[in-house]
$ cat entry22.cif   # mmCIF, C-alpha atoms
data_upload
loop_
_atom_site.label_atom_id
_atom_site.label_comp_id
_atom_site.auth_asym_id
_atom_site.auth_seq_id
_atom_site.Cartn_x
_atom_site.Cartn_y
_atom_site.Cartn_z
CA GLY A 1 0.00 0.00 0.00
CA ALA A 2 0.89 3.66 -0.24
CA VAL A 3 2.92 5.33 2.50
CA VAL A 4 1.98 8.46 4.38
CA SER A 5 4.57 9.74 6.82
CA GLN A 6 3.73 12.12 9.64
CA HIS A 7 6.23 13.99 11.79
CA PRO A 8 6.76 14.46 14.66
CA SER A 9 5.17 11.51 16.41
CA ARG A 10 5.21 13.30 19.75
CA VAL A 11 5.65 16.93 20.67
CA ILE A 12 5.41 18.89 23.86
CA CYS A 13 5.10 22.66 23.68
CA LYS A 14 4.44 25.51 26.04
CA SER A 15 1.18 27.40 26.10
CA GLY A 16 1.18 30.28 23.68
CA THR A 17 3.68 28.81 21.27
CA SER A 18 3.02 27.31 17.85
CA VAL A 19 3.79 23.83 16.65
CA LYS A 20 3.93 22.48 13.11
CA ILE A 21 3.00 18.94 12.09
CA GLU A 22 4.07 17.61 8.71
CA CYS A 23 2.31 15.02 6.59
CA ARG A 24 4.07 13.61 3.55
CA SER A 25 2.98 11.18 0.87
CA LEU A 26 6.16 9.24 0.15
CA ASP A 27 5.32 7.25 -2.97
CA PHE A 28 2.42 9.07 -4.56
CA GLN A 29 1.20 12.57 -5.20
CA ALA A 30 -1.66 13.66 -2.99
CA THR A 31 -3.68 16.56 -4.31
CA THR A 32 -5.83 16.28 -1.23
CA MET A 33 -4.99 15.36 2.34
CA PHE A 34 -7.26 15.08 5.33
CA TRP A 35 -6.54 16.11 8.91
CA TYR A 36 -8.25 14.41 11.81
CA ARG A 37 -8.21 14.89 15.56
CA GLN A 38 -8.75 12.04 17.96
CA PHE A 39 -9.54 12.41 21.65
CA PRO A 40 -8.76 9.51 24.01
CA LYS A 41 -10.98 6.50 23.46
CA GLN A 42 -12.95 8.32 20.78
CA SER A 43 -13.24 8.17 17.03
CA LEU A 44 -11.47 10.29 14.43
CA MET A 45 -13.00 13.68 13.88
CA LEU A 46 -12.39 15.37 10.55
CA MET A 47 -10.89 18.82 11.04
CA ALA A 48 -10.16 19.93 7.52
CA THR A 49 -9.50 18.95 3.96
CA SER A 50 -6.19 20.21 2.61
CA ASN A 51 -6.05 20.97 -1.11
CA GLU A 52 -2.77 21.45 -2.95
CA GLY A 53 -2.41 24.99 -4.16
CA SER A 54 -5.59 26.31 -2.61
CA LYS A 55 -7.15 27.07 0.74
CA ALA A 56 -8.12 24.29 3.06
CA THR A 57 -11.74 23.48 3.74
CA TYR A 58 -12.49 23.43 7.46
CA GLU A 59 -15.24 21.51 9.19
CA GLN A 60 -17.81 23.38 11.19
CA GLY A 61 -16.51 24.38 14.60
CA VAL A 62 -12.83 24.16 13.69
CA GLU A 63 -11.00 27.46 14.10
CA LYS A 64 -9.11 28.12 10.90
CA ASP A 65 -6.95 30.79 12.54
CA LYS A 66 -5.83 28.35 15.23
CA PHE A 67 -5.28 25.36 12.96
CA LEU A 68 -3.42 26.66 9.93
CA ILE A 69 -3.15 24.23 7.06
CA ASN A 70 -0.76 24.62 4.16
CA HIS A 71 -0.54 22.27 1.20
CA ALA A 72 2.19 23.82 -0.88
CA SER A 73 3.25 20.72 -2.81
CA LEU A 74 1.75 17.48 -4.03
CA THR A 75 3.55 15.53 -1.33
CA LEU A 76 3.41 17.75 1.74
CA SER A 77 0.68 19.19 3.89
CA THR A 78 1.34 20.91 7.20
CA LEU A 79 -0.88 21.63 10.18
CA THR A 80 0.25 24.44 12.46
CA VAL A 81 -1.39 24.79 15.83
CA THR A 82 -1.00 28.45 16.69
CA SER A 83 -0.98 29.96 20.17
CA ALA A 84 -1.43 26.51 21.62
CA HIS A 85 -3.46 25.96 24.77
CA PRO A 86 -3.71 22.87 26.96
CA GLU A 87 -7.12 22.08 25.45
CA ASP A 88 -5.39 21.68 22.07
CA SER A 89 -3.60 18.64 23.50
CA SER A 90 -4.74 15.72 21.42
CA PHE A 91 -3.79 13.13 18.82
CA TYR A 92 -3.68 14.48 15.27
CA ILE A 93 -3.70 12.19 12.22
CA CYS A 94 -3.38 12.94 8.54
CA SER A 95 -4.49 10.75 5.66
CA ALA A 96 -4.63 10.70 1.90
CA LYS A 97 -6.06 8.63 -0.88
CA VAL A 98 -4.08 7.54 -3.91
CA PRO A 99 -5.30 9.11 -7.13
CA PRO A 100 -6.82 8.42 -9.55
CA VAL A 101 -8.56 5.43 -7.97
CA ASN A 102 -9.16 7.13 -4.60
CA THR A 103 -10.50 4.17 -2.67
CA GLU A 104 -9.09 3.51 0.76
CA ALA A 105 -7.29 6.15 2.78
CA PHE A 106 -3.74 5.73 4.01
CA PHE A 107 -2.82 7.25 7.34
CA GLY A 108 0.21 8.84 8.89
CA GLN A 109 1.48 7.55 12.21
CA GLY A 110 -0.21 10.37 14.06
CA THR A 111 1.15 13.10 16.32
CA ARG A 112 0.52 13.28 20.02
CA LEU A 113 0.53 16.94 21.01
CA THR A 114 0.84 17.93 24.64
CA VAL A 115 0.57 21.59 25.56
CA VAL A 116 1.90 22.44 29.00
CA ALA B 27 -24.80 13.53 5.05
CA GLN B 28 -23.51 10.04 5.49
CA THR B 29 -23.40 8.45 8.93
CA VAL B 30 -21.80 5.32 10.32
CA THR B 31 -23.04 3.63 13.47
CA GLN B 32 -21.20 1.08 15.57
CA SER B 33 -23.46 0.00 18.40
CA GLN B 34 -20.93 -2.12 20.31
CA PRO B 35 -18.49 0.05 22.28
CA GLU B 36 -16.69 -3.02 23.59
CA MET B 37 -16.49 -6.68 22.65
CA SER B 38 -14.44 -9.57 23.91
CA VAL B 39 -13.58 -12.95 22.42
CA GLN B 40 -11.69 -16.00 23.53
CA GLU B 41 -8.51 -16.76 21.67
CA ALA B 42 -9.17 -19.02 18.64
CA GLU B 43 -12.89 -18.20 18.70
CA THR B 44 -14.92 -16.12 16.25
CA VAL B 45 -16.33 -12.66 16.86
CA THR B 46 -18.55 -10.38 14.79
CA LEU B 47 -18.45 -6.61 14.97
CA SER B 48 -21.52 -4.72 13.79
CA CYS B 49 -21.78 -1.62 11.65
CA THR B 50 -24.64 0.15 9.94
CA TYR B 51 -24.49 3.18 7.72
CA ASP B 52 -26.73 5.62 6.00
CA THR B 53 -26.25 7.11 2.55
CA SER B 54 -28.24 8.10 -0.48
CA GLU B 55 -25.33 7.37 -2.79
CA SER B 56 -25.21 4.27 -4.98
CA ASP B 57 -21.47 4.20 -5.49
CA TYR B 58 -19.40 4.06 -2.32
CA TYR B 59 -16.86 2.07 -0.34
CA LEU B 60 -16.90 0.59 3.12
CA PHE B 61 -13.90 -0.23 5.27
CA TRP B 62 -12.84 -1.71 8.54
CA TYR B 63 -9.75 -0.16 10.08
CA LYS B 64 -7.86 -1.46 13.07
CA GLN B 65 -6.17 0.88 15.53
CA PRO B 66 -3.84 -0.94 17.94
CA PRO B 67 -2.30 0.75 20.98
CA SER B 68 0.33 2.31 18.70
CA ARG B 69 -2.62 4.26 17.22
CA GLN B 70 -1.50 3.58 13.66
CA MET B 71 -4.57 3.13 11.49
CA ILE B 72 -4.39 -0.17 9.61
CA LEU B 73 -6.77 -1.15 6.84
CA VAL B 74 -8.29 -4.55 7.59
CA ILE B 75 -10.70 -4.99 4.72
CA ARG B 76 -12.65 -3.01 2.15
CA GLN B 77 -15.86 -3.55 0.23
CA GLU B 78 -17.00 -1.85 -2.93
CA ALA B 79 -20.74 -1.22 -2.87
CA TYR B 80 -21.22 -2.40 -6.44
CA LYS B 81 -19.82 -5.83 -5.60
CA GLN B 82 -22.30 -8.35 -4.31
CA GLN B 83 -19.65 -10.77 -3.13
CA ASN B 84 -18.52 -10.27 0.43
CA ALA B 85 -14.86 -9.35 0.82
CA THR B 86 -12.49 -11.68 2.65
CA GLU B 87 -8.91 -11.25 3.81
CA ASN B 88 -7.52 -14.36 5.46
CA ARG B 89 -9.24 -14.58 8.88
CA PHE B 90 -11.30 -11.45 8.27
CA SER B 91 -14.54 -11.40 6.32
CA VAL B 92 -17.50 -9.10 6.01
CA ASN B 93 -21.22 -9.57 5.72
CA PHE B 94 -22.32 -6.77 3.42
CA GLN B 95 -26.08 -6.29 3.24
CA LYS B 96 -26.58 -3.34 0.90
CA ALA B 97 -30.33 -3.10 1.19
CA ALA B 98 -30.14 -3.15 4.97
CA LYS B 99 -27.08 -0.85 4.92
CA SER B 100 -25.24 -3.23 7.18
CA PHE B 101 -21.54 -4.07 7.09
CA SER B 102 -20.35 -6.43 9.82
CA LEU B 103 -16.83 -7.77 10.32
CA LYS B 104 -16.18 -11.36 11.28
CA ILE B 105 -12.85 -12.32 12.78
CA SER B 106 -12.18 -16.03 12.79
CA ASP B 107 -9.59 -17.87 14.90
CA SER B 108 -9.03 -14.74 16.98
CA GLN B 109 -5.48 -14.02 18.02
CA LEU B 110 -4.05 -11.90 20.83
CA GLY B 111 -2.75 -9.48 18.22
CA ASP B 112 -6.29 -8.79 17.07
CA ALA B 113 -6.94 -6.82 20.26
CA ALA B 114 -7.46 -3.24 19.16
CA MET B 115 -9.98 -0.54 18.39
CA TYR B 116 -11.91 -1.30 15.22
CA PHE B 117 -13.48 1.45 13.17
CA CYS B 118 -16.06 1.01 10.46
CA ALA B 119 -15.72 3.70 7.79
CA TYR B 120 -17.60 4.93 4.74
CA SER B 121 -16.33 6.78 1.71
CA ASN B 122 -17.97 8.16 -1.36
CA SER B 123 -16.20 7.55 -4.62
CA GLY B 124 -13.69 10.27 -5.38
CA ASN B 125 -11.26 12.16 -3.23
CA THR B 126 -13.50 12.63 -0.22
CA PRO B 127 -12.78 12.01 3.46
CA LEU B 128 -13.79 8.88 5.29
CA VAL B 129 -16.67 8.98 7.71
CA PHE B 130 -15.98 6.90 10.79
CA GLY B 131 -18.13 5.13 13.32
CA LYS B 132 -17.39 5.54 17.01
CA GLY B 133 -15.41 2.35 17.14
CA THR B 134 -15.53 -0.98 18.93
CA ARG B 135 -12.82 -1.93 21.39
CA LEU B 136 -12.02 -5.64 20.98
CA SER B 137 -10.35 -7.59 23.74
CA VAL B 138 -8.96 -11.06 23.14
CA ILE B 139 -8.83 -13.35 26.14
CA ALA B 140 -6.10 -15.96 26.30
#
$ encode --input "entry22.cif" --output "structure tokens"
Amino acid sequence: GAVVSQHPSRVICKSGTSVKIECRSLDFQATTMFWYRQFPKQSLMLMATSNEGSKATYEQGVEKDKFLINHASLTLSTLTVTSAHPEDSSFYICSAKVPPVNTEAFFGQGTRLTVV
Amino acid sequence: AQTVTQSQPEMSVQEAETVTLSCTYDTSESDYYLFWYKQPPSRQMILVIRQEAYKQQNATENRFSVNFQKAAKSFSLKISDSQLGDAAMYFCAYSNSGNTPLVFGKGTRLSVIA
């Protein structure tokens, strides 16, 4: 299957700082990537759809100014959590489908963010 | 909007036995895909099995098989000869055709008892 690599796997940051999470498609070009957030013992919640070369589409209730998404190339999407607060602590996962078939989604390893 | 419902928050099975995880979904689309993903403690999402809606034949992957009932919008996962490594969170997911995000159920936590 296709490989999606996410980095870092764990990060701890101080309140008020920003942290960037990278999501790369290693063996295919992803025009679209998806960012999810997962709270402990819960399901994946879609945050936004990242589109290469254009603005991301955010789900209702997700603050676009707090969660900045950039998809500047066909293999890289980044999620920046700005002015982080402890309530932003969570598990963040990216995924992508392989064009042109676009069937199953392949997932990054996830990033555990802890804001202290 | 599409929805996916998993009504079993937790399930347990004896090693070597068979267990079935339930999933129902709702959609008005005719062309779509259904998946079961496994999320072990590492939290890496692993595709277990997929089913194309246009295929009548149920998908199978080694010890994993599905019972796809399109009219009833039901998509259950059967795990045969359960192994300790099968213990994980299992998510049922739906996807339209095209480059659209997956819609996930709430998940079922499976425990395997030695």
$ closest_residue --input "entry22.cif" --among "A:Val62, A:Val115, A:Ile93, A:Val98" --to "Ser43 in chain A" --atoms "all atoms listed in the file"
A:Ile93
$ resolve_selection --input "entry22.cif" --expression "the PyMOL selection byres ((chain B) within 12 of (chain A))" --output "PyMOL selection string"
chain B and resi 30-32+35-36+57-79+114-135
$ write_last_selection --input "entry22.cif" --atoms "C-alpha atoms" --output "mmCIF file, keeping the file's coordinate frame"
data_model
loop_
_atom_site.group_PDB
_atom_site.id
_atom_site.type_symbol
_atom_site.label_atom_id
_atom_site.label_comp_id
_atom_site.auth_asym_id
_atom_site.auth_seq_id
_atom_site.Cartn_x
_atom_site.Cartn_y
_atom_site.Cartn_z
ATOM 1 C CA VAL B 30 -21.800 5.320 10.320
ATOM 2 C CA THR B 31 -23.040 3.630 13.470
ATOM 3 C CA GLN B 32 -21.200 1.080 15.570
ATOM 4 C CA PRO B 35 -18.490 0.050 22.280
ATOM 5 C CA GLU B 36 -16.690 -3.020 23.590
ATOM 6 C CA ASP B 57 -21.470 4.200 -5.490
ATOM 7 C CA TYR B 58 -19.400 4.060 -2.320
ATOM 8 C CA TYR B 59 -16.860 2.070 -0.340
ATOM 9 C CA LEU B 60 -16.900 0.590 3.120
ATOM 10 C CA PHE B 61 -13.900 -0.230 5.270
ATOM 11 C CA TRP B 62 -12.840 -1.710 8.540
ATOM 12 C CA TYR B 63 -9.750 -0.160 10.080
ATOM 13 C CA LYS B 64 -7.860 -1.460 13.070
ATOM 14 C CA GLN B 65 -6.170 0.880 15.530
ATOM 15 C CA PRO B 66 -3.840 -0.940 17.940
ATOM 16 C CA PRO B 67 -2.300 0.750 20.980
ATOM 17 C CA SER B 68 0.330 2.310 18.700
ATOM 18 C CA ARG B 69 -2.620 4.260 17.220
ATOM 19 C CA GLN B 70 -1.500 3.580 13.660
ATOM 20 C CA MET B 71 -4.570 3.130 11.490
ATOM 21 C CA ILE B 72 -4.390 -0.170 9.610
ATOM 22 C CA LEU B 73 -6.770 -1.150 6.840
ATOM 23 C CA VAL B 74 -8.290 -4.550 7.590
ATOM 24 C CA ILE B 75 -10.700 -4.990 4.720
ATOM 25 C CA ARG B 76 -12.650 -3.010 2.150
ATOM 26 C CA GLN B 77 -15.860 -3.550 0.230
ATOM 27 C CA GLU B 78 -17.000 -1.850 -2.930
ATOM 28 C CA ALA B 79 -20.740 -1.220 -2.870
ATOM 29 C CA ALA B 114 -7.460 -3.240 19.160
ATOM 30 C CA MET B 115 -9.980 -0.540 18.390
ATOM 31 C CA TYR B 116 -11.910 -1.300 15.220
ATOM 32 C CA PHE B 117 -13.480 1.450 13.170
ATOM 33 C CA CYS B 118 -16.060 1.010 10.460
ATOM 34 C CA ALA B 119 -15.720 3.700 7.790
ATOM 35 C CA TYR B 120 -17.600 4.930 4.740
ATOM 36 C CA SER B 121 -16.330 6.780 1.710
ATOM 37 C CA ASN B 122 -17.970 8.160 -1.360
ATOM 38 C CA SER B 123 -16.200 7.550 -4.620
ATOM 39 C CA GLY B 124 -13.690 10.270 -5.380
ATOM 40 C CA ASN B 125 -11.260 12.160 -3.230
ATOM 41 C CA THR B 126 -13.500 12.630 -0.220
ATOM 42 C CA PRO B 127 -12.780 12.010 3.460
ATOM 43 C CA LEU B 128 -13.790 8.880 5.290
ATOM 44 C CA VAL B 129 -16.670 8.980 7.710
ATOM 45 C CA PHE B 130 -15.980 6.900 10.790
ATOM 46 C CA GLY B 131 -18.130 5.130 13.320
ATOM 47 C CA LYS B 132 -17.390 5.540 17.010
ATOM 48 C CA GLY B 133 -15.410 2.350 17.140
ATOM 49 C CA THR B 134 -15.530 -0.980 18.930
ATOM 50 C CA ARG B 135 -12.820 -1.930 21.390
#
$ resolve_selection --input "entry22.cif" --expression "the PyMOL selection byres ((chain B and resi 93) around 8)" --output "MDAnalysis selection string"
chainID B and resid 84 91:92 94:95 100:104
$ atom_distance --input "entry22.cif" --atom1 "CA of Ser48 in chain B" --atom2 "CA of Ile105 in chain B"
11.6 Å
$ atom_distance --input "entry22.cif" --atom1 "CA of Met47 in chain A" --atom2 "CA of Ala84 in chain A"
16.1 Å
$ atom_distance --input "entry22.cif" --atom1 "CA of Lys14 in chain A" --atom2 "CA of Leu68 in chain A"
18.0 Å
$ residues_around --input "entry22.cif" --residues "Gly111 in chain B" --least-positions-apart "5" --cutoff "10 Å" --atoms "all atoms listed in the file" --output "mmCIF file with C-alpha atoms, keeping the file's coordinate frame"
data_model
loop_
_atom_site.group_PDB
_atom_site.id
_atom_site.type_symbol
_atom_site.label_atom_id
_atom_site.label_comp_id
_atom_site.auth_asym_id
_atom_site.auth_seq_id
_atom_site.Cartn_x
_atom_site.Cartn_y
_atom_site.Cartn_z
ATOM 1 C CA GLU B 41 -8.510 -16.760 21.670
ATOM 2 C CA PRO B 66 -3.840 -0.940 17.940
ATOM 3 C CA SER B 137 -10.350 -7.590 23.740
ATOM 4 C CA VAL B 138 -8.960 -11.060 23.140
#
$ residues_around --input "entry22.cif" --residues "range 71-81 of chain A" --least-positions-apart "5" --cutoff "6 Å" --atoms "all atoms listed in the file" --output "MDAnalysis selection string"
chainID A and resid 18:25 29:31 52:53 66
$ closest_residue --input "entry22.cif" --among "A:Asn51, A:Thr57, A:Ser9, A:Thr17" --to "Leu113 in chain A" --atoms "only C-alpha atoms"
A:Ser9
$ resolve_selection --input "entry22.cif" --expression "the PyMOL selection byres ((chain B and resi 140) around 12)" --output "count of residues only"
15
$ build_atoms --input "entry22.cif" --residues "range 66-77 of chain A" --atoms "all heavy atoms" --output "mmCIF file, in the coordinates of the input"
data_model
loop_
_atom_site.group_PDB
_atom_site.id
_atom_site.type_symbol
_atom_site.label_atom_id
_atom_site.label_comp_id
_atom_site.auth_asym_id
_atom_site.auth_seq_id
_atom_site.Cartn_x
_atom_site.Cartn_y
_atom_site.Cartn_z
ATOM 1 N N LYS A 66 -6.615 29.108 14.257
ATOM 2 C CA LYS A 66 -5.830 28.350 15.230
ATOM 3 C C LYS A 66 -5.136 27.176 14.553
ATOM 4 O O LYS A 66 -4.008 26.852 14.872
ATOM 5 C CB LYS A 66 -6.730 27.846 16.357
ATOM 6 C CG LYS A 66 -6.068 26.769 17.203
ATOM 7 C CD LYS A 66 -6.758 26.534 18.507
ATOM 8 C CE LYS A 66 -6.383 27.571 19.528
ATOM 9 N NZ LYS A 66 -4.988 27.574 19.922
ATOM 10 N N PHE A 67 -5.824 26.541 13.648
ATOM 11 C CA PHE A 67 -5.280 25.360 12.960
ATOM 12 C C PHE A 67 -5.011 25.739 11.506
ATOM 13 O O PHE A 67 -5.870 25.589 10.640
ATOM 14 C CB PHE A 67 -6.263 24.197 13.063
ATOM 15 C CG PHE A 67 -6.548 23.767 14.477
ATOM 16 C CD1 PHE A 67 -7.730 24.139 15.113
ATOM 17 C CD2 PHE A 67 -5.636 22.991 15.175
ATOM 18 C CE1 PHE A 67 -7.994 23.741 16.425
ATOM 19 C CE2 PHE A 67 -5.893 22.589 16.486
ATOM 20 C CZ PHE A 67 -7.073 22.964 17.113
ATOM 21 N N LEU A 68 -3.786 26.204 11.267
ATOM 22 C CA LEU A 68 -3.420 26.660 9.930
ATOM 23 C C LEU A 68 -2.946 25.477 9.093
ATOM 24 O O LEU A 68 -2.066 24.725 9.514
ATOM 25 C CB LEU A 68 -2.311 27.706 10.018
ATOM 26 C CG LEU A 68 -2.653 29.006 10.756
ATOM 27 C CD1 LEU A 68 -1.454 29.926 10.763
ATOM 28 C CD2 LEU A 68 -3.855 29.688 10.123
ATOM 29 N N ILE A 69 -3.523 25.333 7.937
ATOM 30 C CA ILE A 69 -3.150 24.230 7.060
ATOM 31 C C ILE A 69 -2.578 24.799 5.776
ATOM 32 O O ILE A 69 -3.157 25.688 5.152
ATOM 33 C CB ILE A 69 -4.366 23.333 6.768
ATOM 34 C CG1 ILE A 69 -4.746 22.569 8.043
ATOM 35 C CG2 ILE A 69 -4.066 22.365 5.629
ATOM 36 C CD1 ILE A 69 -6.017 21.776 7.928
ATOM 37 N N ASN A 70 -1.425 24.229 5.402
ATOM 38 C CA ASN A 70 -0.760 24.620 4.160
ATOM 39 C C ASN A 70 -0.454 23.383 3.354
ATOM 40 O O ASN A 70 0.054 22.397 3.875
ATOM 41 C CB ASN A 70 0.534 25.375 4.472
ATOM 42 C CG ASN A 70 1.224 25.874 3.218
ATOM 43 O OD1 ASN A 70 1.916 25.112 2.548
ATOM 44 N ND2 ASN A 70 1.000 27.112 2.888
ATOM 45 N N HIS A 71 -0.774 23.433 2.075
ATOM 46 C CA HIS A 71 -0.540 22.270 1.200
ATOM 47 C C HIS A 71 0.167 22.799 -0.037
ATOM 48 O O HIS A 71 -0.425 22.927 -1.104
ATOM 49 C CB HIS A 71 -1.893 21.637 0.847
ATOM 50 C CG HIS A 71 -1.791 20.264 0.269
ATOM 51 N ND1 HIS A 71 -2.809 19.346 0.409
ATOM 52 C CD2 HIS A 71 -0.829 19.651 -0.445
ATOM 53 C CE1 HIS A 71 -2.469 18.226 -0.205
ATOM 54 N NE2 HIS A 71 -1.280 18.391 -0.722
ATOM 55 N N ALA A 72 1.447 23.108 0.142
ATOM 56 C CA ALA A 72 2.190 23.820 -0.880
ATOM 57 C C ALA A 72 2.719 22.926 -1.991
ATOM 58 O O ALA A 72 3.090 23.412 -3.056
ATOM 59 C CB ALA A 72 3.355 24.569 -0.240
ATOM 60 N N SER A 73 2.767 21.628 -1.765
ATOM 61 C CA SER A 73 3.250 20.720 -2.810
ATOM 62 C C SER A 73 2.371 19.488 -2.852
ATOM 63 O O SER A 73 1.536 19.274 -1.972
ATOM 64 C CB SER A 73 4.696 20.327 -2.544
ATOM 65 O OG SER A 73 4.776 19.317 -1.557
ATOM 66 N N LEU A 74 2.578 18.669 -3.847
ATOM 67 C CA LEU A 74 1.750 17.480 -4.030
ATOM 68 C C LEU A 74 2.109 16.361 -3.059
ATOM 69 O O LEU A 74 1.465 15.316 -3.066
ATOM 70 C CB LEU A 74 1.857 16.978 -5.469
ATOM 71 C CG LEU A 74 1.149 17.832 -6.508
ATOM 72 C CD1 LEU A 74 1.506 17.360 -7.917
ATOM 73 C CD2 LEU A 74 -0.359 17.781 -6.317
ATOM 74 N N THR A 75 3.146 16.569 -2.263
ATOM 75 C CA THR A 75 3.550 15.530 -1.330
ATOM 76 C C THR A 75 3.621 15.994 0.113
ATOM 77 O O THR A 75 3.990 15.215 0.993
ATOM 78 C CB THR A 75 4.923 14.940 -1.714
ATOM 79 O OG1 THR A 75 5.882 16.006 -1.714
ATOM 80 C CG2 THR A 75 4.886 14.281 -3.083
ATOM 81 N N LEU A 76 3.270 17.233 0.381
ATOM 82 C CA LEU A 76 3.410 17.750 1.740
ATOM 83 C C LEU A 76 2.259 18.649 2.130
ATOM 84 O O LEU A 76 1.919 19.607 1.443
ATOM 85 C CB LEU A 76 4.723 18.535 1.871
ATOM 86 C CG LEU A 76 4.948 19.260 3.213
ATOM 87 C CD1 LEU A 76 5.050 18.247 4.348
ATOM 88 C CD2 LEU A 76 6.190 20.128 3.135
ATOM 89 N N SER A 77 1.668 18.322 3.261
ATOM 90 C CA SER A 77 0.680 19.190 3.890
ATOM 91 C C SER A 77 1.131 19.408 5.329
ATOM 92 O O SER A 77 1.667 18.493 5.965
ATOM 93 C CB SER A 77 -0.702 18.547 3.878
ATOM 94 O OG SER A 77 -1.638 19.338 4.594
#
